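Dumped query34.txt below, it's compact mmCIF, C-alpha atoms:
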```txt
# COMPACT_ATOMS: atom_id res chain seq x y z
CA MET A 10 -21.31 200.61 -65.46
CA ASP A 11 -19.78 199.56 -62.15
CA THR A 12 -16.64 197.69 -63.21
CA SER A 13 -16.03 196.55 -59.61
CA ALA A 14 -18.72 193.91 -60.24
CA LEU A 15 -16.17 192.16 -62.44
CA PHE A 16 -13.98 191.63 -59.38
CA LYS A 17 -16.49 189.02 -58.20
CA LEU A 18 -15.85 186.70 -61.13
CA SER A 19 -13.90 183.71 -59.83
CA TYR A 20 -10.40 183.43 -61.24
CA GLY A 21 -6.92 183.48 -59.80
CA LEU A 22 -3.70 185.45 -60.01
CA TYR A 23 -0.68 184.23 -61.93
CA VAL A 24 2.83 185.30 -62.82
CA VAL A 25 3.67 184.89 -66.51
CA GLY A 26 7.30 184.15 -67.35
CA VAL A 27 8.79 184.93 -70.77
CA LYS A 28 12.08 185.20 -72.62
CA THR A 29 13.11 188.70 -73.68
CA GLU A 30 15.80 189.88 -76.08
CA THR A 31 18.15 190.42 -73.15
CA GLY A 32 16.99 187.93 -70.51
CA LEU A 33 13.74 187.17 -68.73
CA GLY A 34 10.49 189.08 -68.25
CA GLY A 35 6.98 188.63 -66.95
CA CYS A 36 3.89 190.20 -65.45
CA ILE A 37 0.80 189.54 -63.34
CA VAL A 38 -2.30 188.25 -65.13
CA ASP A 39 -5.70 187.13 -63.89
CA ALA A 40 -7.70 186.21 -67.00
CA VAL A 41 -6.59 182.59 -67.42
CA GLY A 42 -8.77 179.54 -67.95
CA GLN A 43 -8.78 175.99 -69.26
CA VAL A 44 -10.70 175.74 -72.52
CA ALA A 45 -10.12 172.08 -73.50
CA ALA A 46 -9.22 168.88 -71.66
CA GLY A 47 -8.20 165.38 -72.70
CA ASP A 48 -4.86 164.37 -74.17
CA SER A 49 -4.21 167.87 -75.55
CA PRO A 50 -5.42 170.40 -72.96
CA LEU A 51 -5.71 174.04 -73.98
CA ALA A 52 -5.66 177.18 -71.87
CA SER A 53 -6.58 180.79 -72.62
CA LEU A 54 -4.46 183.69 -71.42
CA ALA A 55 -5.43 187.36 -71.83
CA CYS A 56 -2.56 189.84 -71.64
CA MET A 57 -2.68 193.64 -71.95
CA LYS A 58 -1.35 194.89 -75.27
CA LYS A 59 0.74 197.63 -73.67
CA ASN A 60 2.61 195.10 -71.53
CA TYR A 61 6.13 194.19 -72.61
CA THR A 62 5.23 190.58 -71.77
CA ASN A 63 2.63 190.65 -74.55
CA GLU A 64 5.33 191.54 -77.07
CA CYS A 65 7.58 188.75 -75.83
CA ILE A 66 4.85 186.10 -76.05
CA LYS A 67 4.15 187.12 -79.64
CA LYS A 68 7.84 186.86 -80.55
CA THR A 69 8.54 183.51 -78.87
CA SER A 70 5.06 181.85 -78.85
CA GLU A 71 5.70 180.44 -75.39
CA CYS A 72 5.49 181.35 -71.72
CA THR A 73 5.11 179.91 -68.24
CA LEU A 74 2.41 180.36 -65.61
CA SER A 75 3.12 180.25 -61.89
CA VAL A 76 -0.12 179.87 -59.91
CA LEU A 77 0.02 182.18 -56.89
CA SER A 78 -1.04 180.88 -53.48
CA THR A 79 -2.90 182.48 -50.59
CA ASP A 80 0.38 182.82 -48.67
CA VAL A 81 2.27 184.57 -51.47
CA ASP A 82 4.52 187.44 -50.41
CA PRO A 83 2.54 190.60 -51.33
CA PHE A 84 5.70 192.09 -52.80
CA VAL A 85 5.73 189.42 -55.51
CA ILE A 86 2.46 190.78 -56.90
CA GLY A 87 3.73 194.35 -56.77
CA ASN A 88 7.05 193.40 -58.33
CA PHE A 89 5.47 191.77 -61.36
CA GLY A 90 2.42 194.03 -61.57
CA PHE A 91 3.53 197.58 -60.77
CA GLN A 92 6.62 198.05 -62.97
CA SER A 93 7.56 197.50 -66.58
CA GLY A 94 9.88 194.79 -67.84
CA ARG A 95 11.13 197.28 -70.44
CA ASP A 96 13.08 199.00 -67.68
CA VAL A 97 13.32 196.61 -64.73
CA GLU A 98 14.67 193.06 -64.39
CA LYS A 99 11.81 191.68 -62.28
CA TRP A 100 12.99 188.12 -61.78
CA VAL A 101 16.10 189.15 -59.83
CA ASN A 102 13.73 190.24 -57.05
CA ALA A 103 11.87 186.93 -56.70
CA PRO A 104 13.14 183.39 -55.91
CA HIS A 105 12.71 181.35 -59.07
CA THR A 106 13.82 178.34 -61.08
CA ILE A 107 14.66 178.30 -64.77
CA LYS A 108 13.60 175.23 -66.73
CA ASP A 109 14.31 174.91 -70.44
CA GLY A 110 15.04 178.61 -70.61
CA LEU A 111 11.85 179.89 -68.95
CA PRO A 112 11.36 181.02 -65.32
CA PHE A 113 8.96 179.65 -62.70
CA LEU A 114 8.32 181.17 -59.27
CA ASN A 115 9.45 179.08 -56.34
CA ASN A 116 6.75 178.25 -53.79
CA ALA A 117 3.87 178.52 -56.29
CA CYS A 118 0.85 176.20 -56.14
CA ALA A 119 1.39 174.87 -59.65
CA TYR A 120 3.40 175.49 -62.79
CA LEU A 121 2.33 175.42 -66.44
CA ARG A 122 4.32 175.76 -69.64
CA LEU A 123 2.27 177.11 -72.53
CA ARG A 124 2.78 177.21 -76.30
CA VAL A 125 0.64 179.61 -78.32
CA VAL A 126 -1.48 178.04 -81.05
CA ASN A 127 -3.72 181.03 -81.81
CA ALA A 128 -4.13 184.67 -80.83
CA LEU A 129 -7.14 186.99 -80.99
CA GLU A 130 -6.70 190.76 -80.85
CA PHE A 131 -9.06 193.01 -78.89
CA PRO A 132 -8.83 196.76 -78.16
CA THR A 133 -6.89 196.45 -74.91
CA HIS A 134 -5.82 192.78 -74.72
CA THR A 135 -4.55 189.88 -76.77
CA LEU A 136 -6.25 186.56 -76.04
CA PHE A 137 -3.70 183.77 -76.47
CA ILE A 138 -4.99 180.22 -76.94
CA CYS A 139 -2.25 177.91 -75.76
CA GLU A 140 -1.36 174.25 -75.72
CA VAL A 141 -0.42 173.10 -72.22
CA ALA A 142 3.00 171.63 -72.94
CA ASP A 143 3.75 170.76 -69.31
CA ALA A 144 2.06 171.06 -65.92
CA GLU A 145 3.19 170.26 -62.39
CA ASN A 146 1.82 170.73 -58.90
CA GLY A 147 4.07 172.71 -56.60
CA GLU A 148 5.20 171.65 -53.15
CA ASN A 149 3.32 174.52 -51.55
CA PRO A 150 0.17 173.06 -49.89
CA ALA A 151 -1.61 176.42 -49.67
CA LYS A 152 -4.72 177.04 -51.77
CA PRO A 153 -4.58 179.12 -54.96
CA LEU A 154 -5.16 182.84 -54.49
CA ILE A 155 -8.57 183.91 -55.83
CA TYR A 156 -8.78 187.35 -57.42
CA GLY A 157 -11.76 188.35 -55.28
CA ASP A 158 -9.82 187.52 -52.12
CA TYR A 159 -6.88 189.57 -53.38
CA GLN A 160 -9.19 192.57 -53.86
CA ALA A 161 -10.76 192.12 -50.42
CA THR A 162 -7.79 191.25 -48.21
CA MET A 163 -4.42 191.66 -49.91
CA LYS A 164 -4.51 194.65 -52.24
CA ALA A 165 -3.45 197.20 -49.62
CA ALA A 166 -0.56 195.01 -48.44
CA VAL A 167 0.68 194.69 -52.01
CA GLY A 168 0.76 198.46 -52.43
CA GLU A 169 2.57 198.93 -49.11
CA ALA A 170 5.17 196.27 -49.90
CA PHE A 171 5.94 197.73 -53.29
CA GLN A 172 6.11 201.27 -51.93
CA LYS A 173 8.71 200.17 -49.35
CA PHE A 174 10.68 198.53 -52.14
CA LYS A 175 10.68 201.75 -54.17
CA GLU A 176 11.68 203.83 -51.15
CA ALA A 177 14.65 201.52 -50.63
CA GLY A 178 15.90 202.66 -54.02
CA LYS A 179 16.19 199.20 -55.56
CA PRO A 180 14.27 199.54 -58.83
CA SER A 181 16.28 201.16 -61.63
CA GLN A 182 13.14 202.94 -62.84
CA ASP A 183 9.49 202.76 -61.93
CA CYS A 184 6.76 201.91 -64.39
CA ALA A 185 5.93 205.58 -64.90
CA ALA A 186 8.88 205.85 -67.28
CA ALA A 187 7.46 203.13 -69.50
CA ASN A 188 3.96 204.58 -69.50
CA ALA A 189 4.76 208.27 -69.84
CA VAL A 190 4.05 209.01 -73.49
CA GLY A 191 2.92 212.17 -75.22
CA GLY A 192 -0.03 214.08 -73.86
CA ALA A 193 -0.46 212.22 -70.56
CA LYS A 194 -1.60 214.49 -67.71
CA TRP A 195 -2.68 212.19 -64.85
CA ARG A 196 -0.54 209.73 -62.88
CA CYS A 197 -1.43 206.90 -60.47
CA PRO A 198 0.14 207.63 -57.05
CA LEU A 199 0.63 203.94 -56.28
CA CYS A 200 2.17 202.29 -59.35
CA GLY A 201 3.14 205.29 -61.48
CA TYR A 202 0.90 204.47 -64.45
CA VAL A 203 0.26 207.57 -66.59
CA TYR A 204 -3.10 207.82 -68.33
CA ASP A 205 -2.66 208.49 -72.06
CA GLY A 206 -6.02 207.50 -73.49
CA ASP A 207 -7.99 209.23 -76.21
CA ILE A 208 -10.77 210.30 -73.81
CA PRO A 209 -9.88 213.34 -71.65
CA PHE A 210 -9.23 212.16 -68.09
CA GLU A 211 -11.87 214.50 -66.68
CA ARG A 212 -14.52 212.80 -68.82
CA LEU A 213 -13.76 209.26 -67.70
CA PRO A 214 -16.54 207.71 -65.55
CA ASP A 215 -16.12 208.00 -61.79
CA THR A 216 -15.90 204.19 -61.58
CA TRP A 217 -12.79 204.14 -63.83
CA LYS A 218 -9.72 202.58 -62.16
CA CYS A 219 -6.00 202.29 -62.87
CA PRO A 220 -5.59 199.37 -65.29
CA LEU A 221 -2.39 198.24 -63.56
CA CYS A 222 -3.16 198.36 -59.84
CA GLY A 223 -6.88 199.23 -59.53
CA VAL A 224 -6.54 202.58 -57.77
CA GLY A 225 -9.63 204.73 -58.22
CA LYS A 226 -9.76 207.73 -60.55
CA GLU A 227 -10.11 210.11 -57.61
CA SER A 228 -6.59 209.26 -56.41
CA PHE A 229 -4.82 210.20 -59.65
CA LYS A 230 -2.61 213.32 -59.58
CA SER A 231 -2.24 215.92 -62.28
CA VAL A 232 1.30 216.06 -63.74
```

What is this file in structure tokens?
Amino acid sequence: MDTSALFKLSYGLYVVGVKTETGLGGCIVDAVGQVAAGDSPLASLACMKKNYTNECIKKTSECTLSVLSTDVDPFVIGNFGFQSGRDVEKWVNAPHTIKDGLPFLNNACAYLRLRVVNALEFPTHTLFICEVADAENGENPAKPLIYGDYQATMKAAVGEAFQKFKEAGKPSQDCAAANAVGGAKWRCPLCGYVYDGDIPFERLPDTWKCPLCGVGKESFKSV
């Protein structure tokens, strides 16, 4: 199966904001959609189980969504997508506003506050069904960033921006520390993700990609 075909499904990119035990956290997500309208709109949000953000949503039953625009700083995507909130305070690196205890990105297209009403567990993701408790349009007039456009025109810039950030020595730890668990042998050269799946890395299909940043299997390095 060519999983790159999934990149052509039309959906956007968003930053999720959550409360943690020590402050604020969040991550990049793409699988978001409205599932009901009317006086009580509902939205679905799929979040990877291994993400710290997933744990925080389950504990607090609430989060925010900042809708990214076409003119978003590429570093914002790398900041929230290429490192773990278990080790890094991501929000200190991005201009934001805190409302009722939860963070929103400044200069986003729109802002949503979500309250979880149900959750469905799948092998890699949790699908949260959420009540839209609040929604506002942002002051940014740019169009929302579509995931397909990110793949086609912005992905390389995101990797470059995050690499420069790491070289500057600002992050306390990269996401490799959070992902490096027993038995892992192959590491993503871009975001630091370490493969630790049940299937031997050599037997993964050639179309397999890094689940965090999308780098192809052929780029992974043995560690």

Give me, as a compact mmCIF listing (two decimals) with C-alpha atoms, in the coordinates of the input, all polymer residues having an atom no more than 7 Å from segment 23-29 of chain A, counting only C-alpha atoms and skipping those fewer than 6 positions away in the same chain.
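New file selection_22.txt:
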```txt
# COMPACT_ATOMS: atom_id res chain seq x y z
CA GLY A 35 6.98 188.63 -66.95
CA CYS A 36 3.89 190.20 -65.45
CA ILE A 37 0.80 189.54 -63.34
CA VAL A 38 -2.30 188.25 -65.13
CA ASP A 39 -5.70 187.13 -63.89
CA THR A 62 5.23 190.58 -71.77
CA CYS A 65 7.58 188.75 -75.83
CA ILE A 66 4.85 186.10 -76.05
CA CYS A 72 5.49 181.35 -71.72
CA THR A 73 5.11 179.91 -68.24
CA LEU A 74 2.41 180.36 -65.61
CA SER A 75 3.12 180.25 -61.89
CA VAL A 76 -0.12 179.87 -59.91
CA LEU A 77 0.02 182.18 -56.89
CA LEU A 111 11.85 179.89 -68.95
CA PRO A 112 11.36 181.02 -65.32
CA PHE A 113 8.96 179.65 -62.70
```

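You will find atom CA of Lys173 of chain A at 29.5 Å from atom CA of Val41 of chain A.
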
Next item on the list: Would you mind reading off the distance between atom CA of Phe229 of chain A and atom CA of Thr79 of chain A, one decimal, in Å?
Entry: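 Computing the Euclidean distance for atom CA of Phe229 of chain A and atom CA of Thr79 of chain A yields 29.2 Å.
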
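Closest approach to Pro132 of chain A among A:Met57, A:Leu51, A:Ala161, A:Val167 is made by A:Met57 (distances from all atoms listed in the file).
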
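If you count all atoms listed in the file and ignore residues fewer than 2 places along the chain from segment 83-98 of chain A, what sits within 6 Å of it is Gly34, Cys36, Ile37, Trp100, Val167, Ala170, Phe171, Asp183, Cys184 and Cys200 of chain A.
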